[in-house]
Every structure is written in C-alpha cells, then in structure tokens.
file run04.txt (compact mmCIF, C-alpha atoms)
# COMPACT_ATOMS: atom_id res chain seq x y z
CA MET M 45 -124.62 149.95 25.18
CA THR M 46 -121.70 147.62 25.86
CA THR M 47 -121.47 145.39 28.91
CA GLU M 48 -118.76 147.63 30.34
CA VAL M 49 -120.97 150.72 30.08
CA ILE M 50 -123.93 148.89 31.63
CA LEU M 51 -121.76 147.88 34.59
CA ILE M 52 -120.54 151.47 35.01
CA VAL M 53 -124.10 152.83 34.97
CA ALA M 54 -125.23 150.20 37.50
CA GLY M 55 -122.25 150.96 39.72
CA VAL M 56 -122.90 154.71 39.62
CA VAL M 57 -126.56 154.21 40.53
CA ILE M 58 -125.52 152.01 43.47
CA LEU M 59 -122.97 154.65 44.51
CA PHE M 60 -125.71 157.28 44.44
CA LEU M 61 -127.94 155.16 46.69
CA VAL M 62 -125.08 154.48 49.10
CA LEU M 63 -124.32 158.20 49.38
CA LEU M 64 -127.97 158.85 50.15
CA ALA M 65 -127.93 156.07 52.74
CA ILE M 66 -125.04 157.72 54.60
CA ARG M 67 -127.09 160.97 54.61
CA LEU M 68 -125.04 162.99 52.15
CA HIS M 69 -127.17 165.79 50.70
CA VAL M 70 -129.11 164.76 47.59
CA ALA M 71 -127.45 167.42 45.42
CA LEU M 72 -123.95 166.36 46.48
CA SER M 73 -124.84 162.68 46.05
CA LEU M 74 -125.97 163.36 42.48
CA THR M 75 -122.86 165.42 41.75
CA VAL M 76 -120.38 162.91 43.15
CA ALA M 77 -122.05 159.94 41.44
CA GLY M 78 -122.24 161.79 38.12
CA LEU M 79 -118.60 162.89 38.26
CA VAL M 80 -117.37 159.38 39.14
CA GLY M 81 -119.36 157.98 36.22
CA THR M 82 -118.00 160.60 33.84
CA ALA M 83 -114.44 159.87 34.97
CA LEU M 84 -114.96 156.14 34.39
CA LEU M 85 -116.48 156.67 30.95
CA ARG M 86 -114.05 159.33 29.74
CA SER M 87 -111.29 160.60 32.00
CA LEU M 88 -110.59 162.54 35.16
CA ASP M 89 -110.07 165.70 33.09
CA ALA M 90 -113.53 165.22 31.55
CA ALA M 91 -115.03 164.91 35.04
CA VAL M 92 -113.28 168.12 36.14
CA GLY M 93 -114.57 169.89 33.04
CA THR M 94 -118.09 168.64 33.78
CA ALA M 95 -117.87 169.84 37.38
CA SER M 96 -116.99 173.34 36.19
CA ASN M 97 -119.34 173.61 33.20
CA ALA M 98 -122.49 171.58 33.93
CA PRO M 99 -123.74 173.56 36.97
CA PHE M 100 -123.43 176.84 35.07
CA SER M 101 -125.10 175.52 31.93
CA VAL M 102 -127.99 174.18 34.00
CA ALA M 103 -128.49 177.36 36.04
CA ALA M 104 -127.90 179.88 33.23
CA ASP M 105 -131.46 179.68 31.94
CA TYR M 106 -133.55 182.85 31.85
CA ALA M 107 -136.71 180.87 32.66
CA LEU M 108 -135.23 179.94 36.04
CA THR M 109 -135.53 183.54 37.24
CA ILE M 110 -139.12 182.57 38.08
CA ILE M 111 -137.90 180.43 40.97
CA PRO M 112 -136.19 183.09 43.15
CA LEU M 113 -139.03 185.50 42.36
CA PHE M 114 -141.70 183.02 43.46
CA ILE M 115 -139.68 182.11 46.55
CA LEU M 116 -139.27 185.77 47.48
CA MET M 117 -142.96 186.42 46.85
CA GLY M 118 -143.98 183.53 49.10
CA ILE M 119 -141.67 184.48 51.97
CA LEU M 120 -142.77 188.13 51.82
CA ALA M 121 -146.40 186.98 51.95
CA VAL M 122 -145.71 184.76 54.97
CA ASN M 123 -143.74 187.44 56.83
CA ALA M 124 -146.47 189.97 56.10
CA GLY M 125 -148.95 187.66 57.84
CA LEU M 126 -150.99 186.92 54.72
CA ALA M 127 -150.79 183.13 55.06
CA ASP M 128 -151.91 183.45 58.68
CA ALA M 129 -154.82 185.63 57.59
CA ALA M 130 -156.04 183.06 55.06
CA PHE M 131 -155.40 180.22 57.51
CA ASN M 132 -157.46 181.95 60.23
CA LEU M 133 -160.32 182.63 57.83
CA ALA M 134 -160.39 178.97 56.80
CA SER M 135 -160.30 177.93 60.45
CA LYS M 136 -163.18 180.24 61.34
CA LEU M 137 -165.30 178.95 58.47
CA LEU M 138 -164.49 175.25 58.82
CA THR M 139 -164.09 174.44 62.50
CA ARG M 140 -167.87 174.13 63.02
CA LEU M 141 -168.13 171.41 60.35
CA PRO M 142 -167.65 167.70 61.14
CA GLY M 143 -163.91 167.22 61.45
CA GLY M 144 -163.57 170.98 61.12
CA THR M 145 -160.14 171.26 62.75
CA ALA M 146 -158.84 168.64 60.32
CA LEU M 147 -160.31 170.60 57.40
CA ALA M 148 -158.71 173.78 58.71
CA SER M 149 -155.39 171.96 58.96
CA ILE M 150 -155.68 170.84 55.33
CA ALA M 151 -156.36 174.44 54.28
CA GLY M 152 -153.45 175.71 56.36
CA SER M 153 -151.06 173.07 55.04
CA GLY M 154 -152.09 173.87 51.48
CA LEU M 155 -151.44 177.58 52.00
CA PHE M 156 -148.10 177.01 53.68
CA ALA M 157 -146.96 174.48 51.09
CA ALA M 158 -147.97 176.78 48.24
CA VAL M 159 -145.81 179.65 49.51
CA THR M 160 -142.82 177.54 50.58
CA GLY M 161 -142.84 174.92 47.80
CA SER M 162 -141.67 172.23 50.26
CA SER M 163 -143.75 169.31 51.52
CA VAL M 164 -141.25 168.38 54.20
CA ALA M 165 -141.02 171.94 55.56
CA THR M 166 -144.81 172.17 55.66
CA VAL M 167 -145.15 168.94 57.64
CA ALA M 168 -142.42 169.97 60.07
CA THR M 169 -144.11 173.35 60.65
CA MET M 170 -147.72 172.20 60.86
CA ALA M 171 -147.23 168.89 62.72
CA ARG M 172 -147.42 170.03 66.34
CA ILE M 173 -149.80 172.93 65.70
CA SER M 174 -152.42 170.88 63.88
CA THR M 175 -152.05 167.78 66.06
CA ASN M 176 -152.72 169.72 69.25
CA ALA M 177 -155.80 171.35 67.75
CA ILE M 178 -157.21 168.15 66.17
CA VAL M 179 -156.69 166.04 69.32
CA SER M 180 -158.11 168.83 71.49
CA ALA M 181 -161.26 168.70 69.36
CA GLY M 182 -161.74 165.04 70.31
CA HIS M 183 -160.18 163.32 67.31
CA SER M 184 -157.34 160.83 67.12
CA ILE M 185 -153.65 161.41 66.60
CA LYS M 186 -153.98 159.00 63.67
CA LEU M 187 -156.31 161.44 61.89
CA ALA M 188 -153.95 164.32 62.64
CA ALA M 189 -150.99 162.36 61.24
CA GLY M 190 -152.82 161.64 57.99
CA VAL M 191 -154.10 165.18 57.59
CA VAL M 192 -150.73 166.86 58.17
CA SER M 193 -148.63 164.39 56.16
CA ALA M 194 -150.99 164.49 53.17
CA GLY M 195 -151.65 168.21 53.47
CA GLY M 196 -147.97 168.93 52.96
CA THR M 197 -148.19 167.65 49.38
CA LEU M 198 -150.80 170.22 48.29
CA GLY M 199 -148.36 172.96 47.34
CA VAL M 200 -147.01 171.06 44.33
CA LEU M 201 -150.14 171.65 42.26
CA ILE M 202 -151.54 174.88 43.67
CA PRO M 203 -149.69 177.75 41.97
CA PRO M 204 -147.21 179.24 42.36
CA SER M 205 -145.53 175.81 42.37
CA ILE M 206 -141.75 175.66 42.13
CA VAL M 207 -141.91 171.96 41.25
CA LEU M 208 -144.09 172.66 38.21
CA VAL M 209 -141.69 175.42 37.14
CA LEU M 210 -138.76 173.01 37.33
CA TYR M 211 -140.70 170.38 35.37
CA GLY M 212 -141.34 172.97 32.65
CA VAL M 213 -137.66 173.90 32.53
CA VAL M 214 -136.27 170.35 32.27
CA THR M 215 -138.89 169.23 29.70
CA ASN M 216 -139.31 172.48 27.73
CA GLU M 217 -143.06 172.51 28.39
CA SER M 218 -144.91 175.80 28.83
CA ILE M 219 -144.42 176.96 32.42
CA GLY M 220 -147.46 179.21 32.19
CA ASP M 221 -149.69 176.35 31.04
CA LEU M 222 -148.34 174.10 33.79
CA LEU M 223 -149.07 176.65 36.51
CA ILE M 224 -152.59 177.26 35.25
CA ALA M 225 -153.21 173.53 34.68
CA GLY M 226 -152.41 172.76 38.32
CA ILE M 227 -155.32 174.76 39.71
CA ILE M 228 -158.19 172.32 39.08
CA PRO M 229 -156.23 169.17 40.08
CA GLY M 230 -155.12 171.01 43.23
CA LEU M 231 -158.71 171.88 44.11
CA ILE M 232 -159.83 168.30 43.40
CA THR M 233 -157.08 167.03 45.73
CA ILE M 234 -158.19 169.41 48.50
CA ALA M 235 -161.79 168.21 48.06
CA ALA M 236 -160.70 164.54 48.17
CA TYR M 237 -158.61 165.09 51.32
CA SER M 238 -161.49 166.98 52.94
CA ILE M 239 -163.97 164.18 52.22
CA ILE M 240 -161.57 161.61 53.69
CA ALA M 241 -160.99 163.77 56.78
CA ILE M 242 -164.73 164.16 57.37
CA LEU M 243 -165.38 160.43 56.91
CA VAL M 244 -162.52 159.38 59.20
CA ALA M 245 -163.55 161.90 61.85
CA HIS M 246 -167.16 160.66 61.69
CA PHE M 247 -166.49 156.92 61.76
CA GLU M 248 -163.43 156.63 64.00
CA LYS M 249 -164.16 154.73 67.22
CA ASN M 250 -162.70 155.46 70.64
CA PRO M 251 -160.14 158.01 69.49
CA ASP M 252 -157.26 158.80 71.81
CA THR M 253 -158.31 162.25 73.00
CA THR M 254 -155.30 162.83 75.23
CA VAL M 255 -154.19 166.38 74.56
CA LEU M 256 -150.52 166.61 73.68
CA ASP M 257 -148.23 169.05 75.40
CA ALA M 258 -148.45 172.21 73.33
CA THR M 259 -145.12 173.64 72.27
CA ASN M 260 -146.74 176.79 70.95
CA ASP M 261 -150.04 177.77 72.59
CA LYS M 262 -150.35 180.86 70.42
CA ALA M 263 -149.98 178.78 67.26
CA GLU M 264 -152.45 176.19 68.55
CA ASN M 265 -155.05 178.89 69.24
CA ALA M 266 -154.80 179.91 65.56
CA LEU M 267 -156.96 176.87 64.83
CA THR M 268 -159.26 176.98 67.83
CA SER M 269 -159.75 180.76 68.24
CA PRO M 270 -158.63 182.40 65.00
CA LYS M 271 -158.54 186.17 64.59
CA LEU M 272 -160.01 187.31 61.31
CA ASP M 273 -157.92 189.52 59.03
CA LEU M 274 -160.01 190.06 55.93
CA LEU M 275 -157.66 192.77 54.64
CA GLY M 276 -154.80 190.26 54.72
CA VAL M 277 -156.90 187.78 52.74
CA GLY M 278 -157.62 190.52 50.22
CA TYR M 279 -153.92 191.30 49.89
CA LEU M 280 -153.21 187.62 49.28
CA ALA M 281 -155.81 187.59 46.50
CA VAL M 282 -154.12 190.65 44.95
CA ILE M 283 -150.75 188.85 44.90
CA PHE M 284 -152.35 185.80 43.30
CA LEU M 285 -153.98 187.95 40.62
CA ALA M 286 -150.73 189.83 39.97
CA SER M 287 -148.81 186.59 39.43
CA ILE M 288 -151.09 183.79 38.23
CA GLY M 289 -153.92 186.04 37.03
CA THR M 290 -151.71 187.91 34.58
CA ILE M 291 -150.53 184.60 33.10
CA TYR M 292 -154.13 183.43 32.71
CA LEU M 293 -155.18 186.67 31.03
CA GLY M 294 -152.21 186.50 28.68
CA VAL M 295 -150.92 189.96 29.61
CA ALA M 296 -147.59 188.68 31.01
CA THR M 297 -145.14 185.86 30.52
CA PRO M 298 -144.50 183.62 33.55
CA THR M 299 -141.26 185.46 34.30
CA GLU M 300 -142.96 188.86 34.11
CA ALA M 301 -145.86 187.58 36.19
CA ALA M 302 -143.48 186.30 38.88
CA SER M 303 -141.82 189.72 39.02
CA PHE M 304 -145.24 191.42 39.28
CA GLY M 305 -146.14 189.13 42.17
CA ALA M 306 -142.84 189.78 43.96
CA ILE M 307 -143.20 193.56 43.56
CA VAL M 308 -146.78 193.53 44.85
CA ALA M 309 -145.78 191.29 47.77
CA PHE M 310 -142.92 193.69 48.56
CA ILE M 311 -145.28 196.67 48.67
CA ILE M 312 -147.80 194.82 50.84
CA PHE M 313 -144.99 193.70 53.15
CA PHE M 314 -144.10 197.35 53.81
CA LEU M 315 -147.75 198.31 54.28
CA ARG M 316 -148.22 195.63 56.95
CA THR M 317 -144.87 195.93 58.76
CA LYS M 318 -144.10 198.59 61.33
CA PRO M 319 -141.18 200.90 60.37
CA PRO M 320 -138.86 199.88 63.26
CA GLN M 321 -139.14 196.24 62.15
CA TRP M 322 -138.54 196.79 58.44
CA LEU M 323 -134.78 196.25 58.45
CA ALA M 324 -134.82 193.16 60.66
CA GLN M 325 -137.72 191.56 58.77
CA LEU M 326 -136.18 192.35 55.40
CA LYS M 327 -132.90 190.78 56.52
CA GLU M 328 -134.75 187.66 57.68
CA THR M 329 -136.73 187.52 54.43
CA ALA M 330 -133.63 187.92 52.26
CA THR M 331 -131.72 185.28 54.23
CA GLU M 332 -134.53 182.75 53.93
CA ALA M 333 -135.11 183.50 50.23
CA VAL M 334 -131.41 183.16 49.38
CA GLY M 335 -131.19 179.89 51.33
CA LEU M 336 -134.18 178.30 49.59
CA THR M 337 -133.04 179.54 46.18
CA ALA M 338 -129.51 178.23 46.73
CA MET M 339 -130.86 174.84 47.81
CA THR M 340 -133.05 174.59 44.72
CA PHE M 341 -130.27 175.57 42.33
CA LEU M 342 -127.82 173.23 44.07
CA LEU M 343 -130.27 170.38 43.42
CA MET M 344 -130.52 171.45 39.79
CA ALA M 345 -126.74 171.55 39.43
CA GLY M 346 -126.38 168.06 40.91
CA ALA M 347 -129.16 166.71 38.72
CA GLY M 348 -127.50 168.37 35.71
CA VAL M 349 -124.22 166.56 36.35
CA PHE M 350 -125.98 163.22 36.84
CA THR M 351 -128.16 163.71 33.75
CA TYR M 352 -125.05 164.57 31.71
CA PHE M 353 -123.47 161.28 32.81
CA LEU M 354 -126.61 159.33 31.78
CA ALA M 355 -126.61 161.05 28.39
CA LEU M 356 -122.89 160.41 27.97
CA SER M 357 -123.35 156.72 28.71
CA GLY M 358 -126.27 156.46 26.30
CA ALA M 359 -128.46 154.97 29.05
CA SER M 360 -131.21 157.58 28.77
CA SER M 361 -131.48 157.52 24.96
CA THR M 362 -131.32 153.70 24.91
CA LEU M 363 -134.08 153.45 27.50
CA VAL M 364 -136.32 155.90 25.64
CA SER M 365 -135.83 154.28 22.23
CA ASN M 366 -136.30 150.73 23.54
CA VAL M 367 -139.51 151.52 25.37
CA VAL M 368 -141.00 153.51 22.49
CA GLU M 369 -140.05 150.89 19.89
CA ALA M 370 -141.49 148.07 22.04
CA ASP M 371 -144.96 149.41 21.21
CA PHE M 372 -146.59 148.48 24.52
CA PRO M 373 -150.18 149.62 25.24
CA PRO M 374 -149.80 153.38 25.92
CA TYR M 375 -151.73 153.46 29.18
CA LEU M 376 -149.80 150.46 30.50
CA VAL M 377 -146.57 152.37 29.90
CA LEU M 378 -148.07 155.46 31.57
CA VAL M 379 -149.07 153.56 34.70
CA LEU M 380 -145.71 151.75 34.91
CA CYS M 381 -143.80 155.02 34.53
CA LEU M 382 -145.86 156.64 37.27
CA LEU M 383 -145.34 153.63 39.55
CA LEU M 384 -141.58 153.99 39.10
CA LEU M 385 -141.80 157.28 40.99
CA ILE M 386 -143.06 155.62 44.17
CA PRO M 387 -139.73 153.97 45.15
CA LEU M 388 -137.92 157.27 44.54
CA GLY M 389 -140.06 158.81 47.28
CA MET M 390 -138.25 156.55 49.74
CA PHE M 391 -135.05 158.55 49.24
CA LEU M 392 -135.83 161.88 47.56
CA ASP M 393 -138.04 164.94 47.95
CA GLY M 394 -140.42 166.06 45.21
CA ILE M 395 -138.02 168.53 43.59
CA SER M 396 -135.24 165.94 43.35
CA MET M 397 -137.61 163.32 41.93
CA VAL M 398 -138.84 165.63 39.20
CA LEU M 399 -135.32 166.76 38.28
CA ILE M 400 -134.13 163.15 37.93
CA ALA M 401 -137.21 161.38 36.56
CA ALA M 402 -138.84 163.97 34.29
CA PRO M 403 -136.04 164.09 31.66
CA LEU M 404 -136.35 160.28 31.33
CA LEU M 405 -140.12 159.79 31.54
CA HIS M 406 -141.21 162.80 29.47
CA PRO M 407 -139.70 161.65 26.11
CA ILE M 408 -140.95 158.10 26.67
CA LEU M 409 -144.54 159.13 27.34
CA THR M 410 -144.72 161.88 24.72
CA GLY M 411 -143.38 159.27 22.29
CA TYR M 412 -146.58 157.34 22.98
CA GLY M 413 -148.65 160.41 22.08
CA PHE M 414 -149.48 161.79 25.53
CA GLU M 415 -149.72 165.56 25.98
CA GLY M 416 -146.80 167.14 27.83
CA VAL M 417 -148.59 169.49 30.24
CA TRP M 418 -151.04 166.76 31.27
CA LEU M 419 -148.09 164.43 31.88
CA GLY M 420 -146.43 167.10 33.98
CA ILE M 421 -149.39 167.34 36.32
CA LEU M 422 -149.56 163.54 36.68
CA ILE M 423 -145.81 163.14 37.25
CA VAL M 424 -145.64 165.94 39.82
CA LYS M 425 -148.76 164.65 41.58
CA VAL M 426 -147.44 161.09 41.85
CA ALA M 427 -143.98 162.32 42.86
CA GLU M 428 -145.45 164.07 45.88
CA MET M 429 -147.77 161.12 46.60
CA ALA M 430 -144.61 159.02 46.93
CA LEU M 431 -143.66 161.12 49.97
CA ILE M 432 -146.54 159.64 51.98
CA THR M 433 -146.43 156.10 50.61
CA PRO M 434 -145.25 153.29 52.96
CA PRO M 435 -142.83 151.92 53.86
CA VAL M 436 -140.51 154.94 53.65
CA GLY M 437 -142.63 158.00 52.90
CA MET M 438 -140.48 160.99 53.92
CA ASN M 439 -143.41 163.04 55.20
CA ALA M 440 -144.38 160.23 57.59
CA PHE M 441 -140.91 160.18 59.14
CA VAL M 442 -140.84 163.99 59.44
CA TYR M 443 -144.22 163.95 61.20
CA SER M 444 -143.14 161.09 63.48
CA GLY M 445 -140.05 163.06 64.44
CA ALA M 446 -142.08 166.20 65.19
CA VAL M 447 -144.77 164.30 67.13
CA PRO M 448 -143.00 161.27 68.68
CA GLU M 449 -146.11 160.48 70.75
CA ALA M 450 -147.83 159.29 67.57
CA GLY M 451 -145.43 156.49 66.63
CA LEU M 452 -144.52 155.62 63.06
CA VAL M 453 -147.04 152.75 62.77
CA THR M 454 -149.89 155.07 63.77
CA VAL M 455 -148.69 157.69 61.31
CA PHE M 456 -148.77 155.26 58.39
CA LYS M 457 -152.20 153.98 59.45
CA GLY M 458 -153.47 157.56 59.40
CA ILE M 459 -151.97 158.19 55.97
CA VAL M 460 -153.53 155.16 54.22
CA PRO M 461 -156.99 156.75 53.59
CA PHE M 462 -155.32 159.81 52.05
CA ILE M 463 -153.19 157.62 49.77
CA LEU M 464 -156.44 156.08 48.51
CA ALA M 465 -157.72 159.61 47.89
CA ASP M 466 -154.56 160.42 45.90
CA ILE M 467 -154.95 157.27 43.81
CA ALA M 468 -158.56 158.25 43.08
CA VAL M 469 -157.47 161.76 42.04
CA VAL M 470 -154.76 160.40 39.70
CA ALA M 471 -157.29 157.99 38.19
CA ILE M 472 -159.77 160.84 37.63
CA LEU M 473 -157.10 162.95 35.92
CA ILE M 474 -156.16 160.03 33.66
CA VAL M 475 -159.77 159.28 32.70
CA PHE M 476 -160.71 162.96 32.30
CA PRO M 477 -157.60 164.76 30.94
CA GLU M 478 -159.74 167.79 30.09
CA LEU M 479 -159.72 168.64 33.81
CA VAL M 480 -156.05 169.50 33.32
CA SER M 481 -156.32 171.14 29.92
CA PHE M 482 -159.51 173.14 30.53
CA LEU M 483 -158.00 176.27 32.09
CA PRO M 484 -154.86 176.39 29.89
CA ASN M 485 -157.12 176.27 26.82
CA LEU M 486 -158.97 179.35 28.09
CA THR M 487 -155.91 181.47 28.86
CA GLY M 488 -155.22 184.63 26.99
call {"tool": "encode", "arguments": {"input": "run04.txt", "output": "structure tokens"}}
result
Amino acid sequence: MTTEVILIVAGVVILFLVLLAIRLHVALSLTVAGLVGTALLRSLDAAVGTASNAPFSVAADYALTIIPLFILMGILAVNAGLADAAFNLASKLLTRLPGGTALASIAGSGLFAAVTGSSVATVATMARISTNAIVSAGHSIKLAAGVVSAGGTLGVLIPPSIVLVLYGVVTNESIGDLLIAGIIPGLITIAAYSIIAILVAHFEKNPDTTVLDATNDKAENALTSPKLDLLGVGYLAVIFLASIGTIYLGVATPTEAASFGAIVAFIIFFLRTKPPQWLAQLKETATEAVGLTAMTFLLMAGAGVFTYFLALSGASSTLVSNVVEADFPPYLVLVLCLLLLIPLGMFLDGISMVLIAAPLLHPILTGYGFEGVWLGILIVKVAEMALITPPVGMNAFVYSGAVPEAGLVTVFKGIVPFILADIAVVAILIVFPELVSFLPNLTG
C-alpha cells in the first residue's frame, strides 16, 4: 500500500466514526464512508457503480433467506404468547430460589433476545419490567441493571441466532454447525450469569429497596405472579424441534429448517389467536418482520460497500498477509483479535460488529490454524460482551435511559460482575474448544 492509499483509508475510517458520532444510522455511515473512499481511490463513476451493484450482490445470497424466516418465526412465537409462556414457567420455578426474580429475568431476557435477535431491543423491553420485580423482591437496582444489561446478550448464542447466521454468510462457514455449536456456550453463559446473580443477591449489603413507579403493572406481575401456560411451552418446544432439531438430525438444511420453523409457528399462531384478531395481528406481525428484515439487510448492504472499499484499497489483504506472515504465537493473536472487538462495542451493535470485523479476523485466525466454527462462537460472544463493557457499552446506556432512577454509574457497577462471568466463559471456551464442537460433531 502506498502512502496515499494509507491516508485515504485512515481518512475514510475517521469519516465513518464522525458520521456515527453525529448519530447517522450505522448502515448509512458505512455506505457513505465506503462510497467516498471508492471515489477517492477510483472515480465518482466507480462509486456510483458500487452504490448500485454492491447492495444487490451482498443481499442476493440464497443462504440469507434464513434471516427473514427466523425473524418471522420469532415474531409469530412472541405474538402467539409462547415467549410469555416460557417466561412465566421460568418465573414460577425460579422465584423461590435465592435471587429468584433476577434468575427469572435472565431467563426472560434470554428468551426475548433469542426470538428478536437484538440485545438493545431486549434491554429496552425488559428494563422496567425486571427492575420493578427485582427491587420489589428486596434487591438493589444495581443488581437489576447488571441482570438486564447482561441478559440482553444471551440471544446471540442461543439458536435461532441471526448474528451467527450472518457470521456464517460473511465467512462461508457452515450455518447449521454454527447454530448447533451455540447451544452449549449459550447454556454455559446462562449458568454463569445465574451464579453471579445468586452471589450478588446473597452478599449485597443494604440494597436500595425503594420500589420504582411501575409503568406496566401487568408486565411486572408476570415475574411476581406468573400464570402457567404449559401448552404454550410445549408449542415453543415444537418450533425449536422443527427448526434447530431438524438441522441437528441432518434431515434438513438450515434454510429448509428455518422454513419448517416459520410454517409451524404460523400454524401455532392461528391456533392460539382468536379469529376476530387474526387480521390485525397478522398485519402487526408482517410489519414488524419486514422492518427487522429491512434493517438487517440495510446493515449488510452498508457493510458490503465498506468491505468492497477495503478490498479495493488492499487494506484487508495487506493486514491479513502481514499478520499471518509475522508468525506471532497463535493464542496471542487470537486474544488480541478478540480484544479489538471491545472498542467497536462503543459505537456498534452486535450485527454491525460481526459484519465489519468477521471478514477481517476470520482469515487471519484461520491462517493460524484455528477452526472456523469455534472462532465464530468466540467472535460473536465477545462482540456482544462489548455491548456491556465500560466506558461506552450500548446496553448500559439503553438501560440507563429506560430506568433513569438507576444512574449510569450504578448501571456500570452492576454490570462488572457479569463482565467477569463473560470473561470466564470465553476463557473456558478457549481452553476447552470441544465444548463448541461437541454437538456439531454429533449432528446427522
């Protein structure tokens, strides 16, 4: 790379950060920065051609049909009350344990994040509900802040995970293996968060037990006085078997499995919705599914334009070749690459981080001999961990906005124990990679 090209790349990266700082949408920031860079490297006509061709070439991938199918499946499940049914069952079983309301909140956040695929949306939805219930049970707002902020990250590993699907698409790794591989790490993360919640609830001294003003008494009572719906839990299990189970058994490809799950969710939605409400609920479901799908594909299009600029400049290939040829200790490179994701969490959500970082980090780390699916789980896990890492973890700011009584300092104090749990989980997955590969090796 010449000095001129290096200056252009540096300038484009700075432009991207400036656009983020003025609150332009991530996808548009990526697109504008990538097009400016392409125009500087080639010409304005080349930038116009990129703007018209790159988004289509990125989105026109048959494997990406999994994303709208999973999104539709999740929204149908939520609107059919299946997530509430599982949430209420977890609340009924866990609230009698030490820190039980916190454990129930972790379970609820995991369920919600798994069906929406968004950490930020999960935190925004669960913040007030869980905080009211946890504080009402005699625990601190600090514990509630940590539980909700960390709980929002659970959906990235627990299938069906849109982030894992996107990682598979941009790195050409097996999407089916990635979805199956996320199960055990997801369960380990839930266990780690639960242990931390129990310990914090047990040892905290003089918690602030002031009950916050409830904005949704009905939602709050879902934790304190849940109504059991075992049939809804059974339906949720059927959807999981139709989607993830068929991949595990080897009777369907990921795309086919996603369609099976969406069809089953559609049938269950009609079974659990009263006829007069069908049209209105279907309209709401379709609107939400189209919106989430459009947002995801818009991010992919922006990342595609930016990635094209990096490839055109030679920055990505130069970085990969230089790092691989340097012959550093493999695990040192792995740790450094994972640490690079933390600053990205100050500006980007998990989907954006994976779309930008995975195409760069995957060839570097596979060049050192690491297995691709295992890397995918680590990268996705650390990318979501970045969303709760100080000083600018996005989940912390979302929670602070939803529960202003907590204060940002208190929120970060509550998150710290859960960050330690995440670090422990990542370390376990690095030391014992078979925890990731075990289930994929058993699939049909």
call {"tool": "atom_distance", "arguments": {"input": "run04.txt", "atom1": "atom CA of Tyr292 of chain M", "atom2": "atom CA of Ala129 of chain M"}}
result
25.0 Å
call {"tool": "residues_around", "arguments": {"input": "run04.txt", "residues": "segment 465-474 of chain M", "least_positions_apart": "3", "cutoff": "7 Å", "atoms": "only C-alpha atoms", "output": "number ranges by chain"}}
result
M: 233, 236-237, 422, 429, 461-462, 477, 479
call {"tool": "closest_residue", "arguments": {"input": "run04.txt", "among": "M:Leu380, M:Val80, M:Val213, M:Ala330", "to": "Ala104 of chain M", "atoms": "only C-alpha atoms"}}
result
M:Val213
call {"tool": "residues_around", "arguments": {"input": "run04.txt", "residues": "Leu68 of chain M", "least_positions_apart": "6", "cutoff": "12 Å", "atoms": "only C-alpha atoms", "output": "PyMOL selection string"}}
result
chain M and resi 59-62+74-77+391-392
call {"tool": "closest_residue", "arguments": {"input": "run04.txt", "among": "M:Ala168, M:Ile115, M:Ala333, M:Ala124", "to": "Gly195 of chain M", "atoms": "all atoms listed in the file"}}
result
M:Ala168
call {"tool": "atom_distance", "arguments": {"input": "run04.txt", "atom1": "atom CA of Ile459 of chain M", "atom2": "atom CA of Ala194 of chain M"}}
result
7.0 Å
call {"tool": "closest_residue", "arguments": {"input": "run04.txt", "among": "M:Phe353, M:Phe131, M:Phe100, M:Tyr211", "to": "Ile423 of chain M", "atoms": "all atoms listed in the file"}}
result
M:Tyr211
call {"tool": "residues_around", "arguments": {"input": "run04.txt", "residues": "Gly190 of chain M", "least_positions_apart": "6", "cutoff": "9 Å", "atoms": "only C-alpha atoms", "output": "ChimeraX atom specification"}}
result
/M:241,432,440,455-462
call {"tool": "write_last_selection", "arguments": {"input": "run04.txt", "atoms": "C-alpha atoms", "output": "compact mmCIF listing (two decimals), in the frame of the given file"}}
result
# COMPACT_ATOMS: atom_id res chain seq x y z
CA ALA M 241 -160.99 163.77 56.78
CA ILE M 432 -146.54 159.64 51.98
CA ALA M 440 -144.38 160.23 57.59
CA VAL M 455 -148.69 157.69 61.31
CA PHE M 456 -148.77 155.26 58.39
CA LYS M 457 -152.20 153.98 59.45
CA GLY M 458 -153.47 157.56 59.40
CA ILE M 459 -151.97 158.19 55.97
CA VAL M 460 -153.53 155.16 54.22
CA PRO M 461 -156.99 156.75 53.59
CA PHE M 462 -155.32 159.81 52.05
call {"tool": "build_atoms", "arguments": {"input": "run04.txt", "residues": "segment 142-146 of chain M", "atoms": "all heavy atoms", "output": "PDB file, in the coordinates of the input"}}
result
ATOM      1  N   PRO M 142    -168.194 168.967  60.634  1.00  0.00           N
ATOM      2  CA  PRO M 142    -167.650 167.700  61.140  1.00  0.00           C
ATOM      3  C   PRO M 142    -166.182 167.556  60.740  1.00  0.00           C
ATOM      4  O   PRO M 142    -165.833 167.704  59.572  1.00  0.00           O
ATOM      5  CB  PRO M 142    -168.520 166.642  60.431  1.00  0.00           C
ATOM      6  CG  PRO M 142    -169.786 167.352  60.092  1.00  0.00           C
ATOM      7  CD  PRO M 142    -169.400 168.769  59.798  1.00  0.00           C
ATOM      8  N   GLY M 143    -165.348 167.282  61.733  1.00  0.00           N
ATOM      9  CA  GLY M 143    -163.910 167.220  61.450  1.00  0.00           C
ATOM     10  C   GLY M 143    -163.352 168.558  61.050  1.00  0.00           C
ATOM     11  O   GLY M 143    -162.373 168.626  60.288  1.00  0.00           O
ATOM     12  N   GLY M 144    -163.933 169.640  61.568  1.00  0.00           N
ATOM     13  CA  GLY M 144    -163.570 170.980  61.120  1.00  0.00           C
ATOM     14  C   GLY M 144    -162.118 171.348  61.358  1.00  0.00           C
ATOM     15  O   GLY M 144    -161.494 172.006  60.519  1.00  0.00           O
ATOM     16  N   THR M 145    -161.552 170.935  62.509  1.00  0.00           N
ATOM     17  CA  THR M 145    -160.140 171.260  62.750  1.00  0.00           C
ATOM     18  C   THR M 145    -159.231 170.557  61.752  1.00  0.00           C
ATOM     19  O   THR M 145    -158.194 171.095  61.356  1.00  0.00           O
ATOM     20  CB  THR M 145    -159.738 170.872  64.184  1.00  0.00           C
ATOM     21  OG1 THR M 145    -160.127 169.507  64.427  1.00  0.00           O
ATOM     22  CG2 THR M 145    -160.414 171.771  65.208  1.00  0.00           C
ATOM     23  N   ALA M 146    -159.628 169.346  61.341  1.00  0.00           N
ATOM     24  CA  ALA M 146    -158.840 168.640  60.320  1.00  0.00           C
ATOM     25  C   ALA M 146    -158.935 169.360  58.987  1.00  0.00           C
ATOM     26  O   ALA M 146    -157.938 169.483  58.263  1.00  0.00           O
ATOM     27  CB  ALA M 146    -159.332 167.198  60.191  1.00  0.00           C
TER      28      ALA M 146
END
